[in-house]
Amino acid sequence: MIKSEWKSIFKNKKLLISVIAVLFIPVMYAGMFLWAFWDPYANLSDLPVAVVNSDEGAEYNGTELSLGKELTDKLRESGQFKFVSVSEKEADEGLLNQDYYLLIEIPDNFSAHATTLLDEKPEKMVITYKANEGYNFLSSQIGETAMDRIRAEVNEQVSATYAEQLFDSITKLGDGFAEASDGAGQLKDGVVEVNNGASNLKGYLEQLASSTIELRDGTSTVVEGIQSAANGSVDLNKGLATLADGSSQLTNGVSQTASGATALNSGIQDYTAGVDKLNESYQLLSEKEKGLLDSLTKLQASSSKLNDSTNQLAQGSANVTAGIQALSQQLGQITAALPAEQSAAITETLAKLEAGSTSVSSGLEQLAGGTKNLTSGTAQIVSGAEQLSGGYSQAQQGVSQLASSSTALLEGSASLAGGTKTLEEKMNEFNAGINQAYSGSSSLVDGLNELASGSSQLKEGTGTLAEKSGELADGSTKLVEGTQLLADGTDTLQSSLKEASEQAGEVNASESTYEMVASPVDVDVIGVNEVPNYGTGFTPYFLSLGLFVGALLISIVFPFVQPVIAPTSGARWFTSKVTVLGAVGIIQSLFVVAVALFVLKLETQSVGLFILSAVITSFTYLALIQLLVSILGDPGRFVAIVILILQLTTSAGTFPLELIPAPLQFFNKLLPMTYSVQSFKASISTGDLSHFWQNNSFLLGFMVVCLAITFGYFMLLFAKRYSKQTKEA
């Protein structure tokens with residue numbers, strides 16, 4: 001049957017041509033796509049971009065800036081795009097007419113804004129970028145990336161200009177520092193001479209101030225002494241007058257004191273007698289209080305016993321009432337058998353007896369409450385009596401001490417009466433002497449007042465002289481300190497200016513320095529499993545797509561089920577079809593590999609693994625299409641197209657899996673193109689053998705499962721259609 005299948009293909013020219021044409025479908029599909037998108041960025045120089053330069057230029061520190069023109073020239077020289085300088089009107093019309101993909105507009109204040117760096121509110125340089133996204137969206141995205149580079153270049157150029165001006169200013173600043181240092185040296189010499197003269201002046205003025213201060217101090221001492229003497233004489237005179245008046249009053253007071261001391265002695269005698277009587281009364285009261293305290297204690301004990309007895313009596317009365325009530329209940333049965341009159345009499349008697357007992361019990365309870373309150377009140381009275389007894393005891397002790405002290409008081413009053421009598425006699429003699437001293441101090445006051453008046457004028461003159469000379473000396477001290485600080489400051493200024501001049505002179509800026517300031521950071525890009533271009537990156541995706549399309553188209557020109565001759569067994573029937581498809585798969589994959597390696601110059605990690613990936617991928621897709629078309633017929637091709645669409649969106653051949661919608665990510669692990677794309681990536685870019693064999697294992701699993709199901713279908717179909725014919729033959 002295998003021979004018959006191949007023979008029928010070669011005999012039927014229409015079928016042969018169709019099969020051969022289909023063999024080139026993967027090459028045309030994948031090859032054309034890869035060729036078209038192999039390296040689109042290599043042709044960016046053919047992409048027309050309009051540039052409108054409206055910059056009017058500006059002046060910066062004597063330098064004319066035309067940053068817009070320089071930027072336009074650099075854009076042309078870069079060759080990154082096909083830059084065309086046009087007017088604003090031509091650019092807008094060309095963008096709308098699709099003559100240009102992008103528009104770059106440099107405003108008229110572009111250079112002017114570059115000079116506002118040190119202004120209070122610096123203005124940024126703005127470049128207007130327009131893209132006709134409706135014309136081509138990818139061109140606008142590429143343009144945005146290019147604009148980032150243009151902005152970086154402009155920033156670098158402007159920063160370099162700033163750096164050049166800065167270093168020029170530093171050089172000029174160093175020359176100015178040198179001239180200022182020379183001037184500071186001359187100023188220092190003059191300040192030193194001023195400082196020396198100020199020091200000499202300070203010495204003379206300090207001597208003058210010291211002498212005037214001594215003169216002022218001496219004069220002040222004299223004036224103060226005279227004034228103190230004058231004041232003292234006045235005070236002495238006043239004091240003697242007051243003393244004379246006071247001595248007279250004291251004499252009269254002493255006389256009165258003598259009379260009072262005699263009367264005091266008599267009163268103290270009477271007081272002593274009264275204290276003795278009070279002491280005797282307190283002793284008698286103390287004895288009576290002891291008897292009262294004993295009586296109250298006995299009364300408290302009796303009231304407690306009375307309360308206990310009353311409680312017992314109340315309890316007994318309650319028991320009697322309870323007994324009467326119990327007796328009344330017991331007699332109730334007996335009185336029921338008696339005549340009505342006797343029964344009523346007994347019942348009435350018991351009721352009265354019960355009511356009286358209840359009244360007695362209630363009265364005894366009230367009596368018990370009263371005796372309880374009596375006991376409590378008695379206890380409080382006893383407590384108060386005890387406190388009162390303690391107070392009387394303390395009072396008795398005080399009266400006893402007072403009585404014992406009365407004797408000493410009596411003796412002291414007698415001595416006081418005798419002393420005041422003697423004092424009265426001596427005060428008369430003292431009063432006469434005071435009057436004589438008062439007349440002499442009045443003459444002394446008049447003389448000292450005249451002397452104090454003249455010394456005050458002398459003190460005022462010397463004080464003014466000392467004050468002014470002191471101020472002059474203080475001023476000279478500050479002058480010396482100021483000139484010294486000025487000398488030190490000019491010395492520091494000279495050394496600092498000299499040092500600054502030397503440091504500024506060490507700055508030697510060059511073009512490399514300007515470039516370093518403008519762009520101090522470079523980025524080192526290190527690729528892992530580097531992919532040289534778009535084509536290499538998209539090869540796994542487009543090869544998988546081409547081989548799947550080739551497998552789908554072979555089902556149109558080659559019958560997957562219909563045998564050329566009557567099959568003798570289901571296995572031979574299946575094998576004849578699989579043999580043709582296997583040959584087609586190998587030829588397709590080898591064609592695709594040859595075009596990729598030799599025409600597109602694809603670089604791979606391993607050519608052998610790349611070929612093996614292509615063959616396994618082709619076989620897997622053919623097995624899947626054979627299964628669908630053999631069992632379902634034309635609907636199977638529709639299912640294959642649906643699977644192709646799902647694979648194109650979920651295989652992560654273009655965008656990463658995480659960037660596609662979450663519901664679609666579910667199909668990623670279920671479809672074979674996911675694993676063929678990863679297998680091609682391992683053989684082309686990464687060289688990861690474990691990843692390569694892992695993905696090819698999944699592909700082989702898909703292939704084996706599809707072939708097994710197809711084989712079972714052929715066996716079932718053979719048994720259903722041809723088994724009877726075979727037996728008859």
# chains A, B, ... in the order shown; residues from 1 in each chain; ligands from 1

$ residues_around --residues "stretch 318-335 of chain A" --least-positions-apart "2" --cutoff "12 Å" --atoms "only C-alpha atoms" --output "MDAnalysis selection string"
chainID A and resid 311:316 337:365

$ closest_residue --among "A:Gln98, A:Thr221, A:Ser45, A:Asn373" --to "A:Arg76" --atoms "only C-alpha atoms"
A:Ser45

$ atom_distance --atom1 "atom CA of A:Gly94" --atom2 "atom CA of A:Leu47"
13.4 Å

$ closest_atom_pairs --of "stretch 598-691 of chain A" --to "stretch 540-553 of chain A" --cutoff "7 Å" --atoms "only C-alpha atoms" --output "tab-separated table"
residue	atom	partner	partner_atom	distance
A:Ser618	CA	A:Leu547	CA	5.7
A:Tyr621	CA	A:Phe548	CA	5.7
A:Leu622	CA	A:Ala551	CA	5.1
A:Ile625	CA	A:Leu552	CA	6.3
A:Gly653	CA	A:Tyr541	CA	4.9
A:Met673	CA	A:Ser544	CA	6.4
A:Ser676	CA	A:Ser544	CA	6.4
A:Val677	CA	A:Pro540	CA	4.9
A:Phe680	CA	A:Pro540	CA	5.1
A:Lys681	CA	A:Pro540	CA	6.1

$ residues_around --residues "A:Leu646" --least-positions-apart "3" --cutoff "9 Å" --atoms "only C-alpha atoms" --output "NGL selection string"
:A and (641-643 or 649-651 or 664 or 667-668 or 671)

$ residues_around --residues "A:Thr116" --least-positions-apart "4" --cutoff "12 Å" --atoms "only C-alpha atoms" --output "ChimeraX atom specification"
/A:58-61,109-112,120-125,158,162
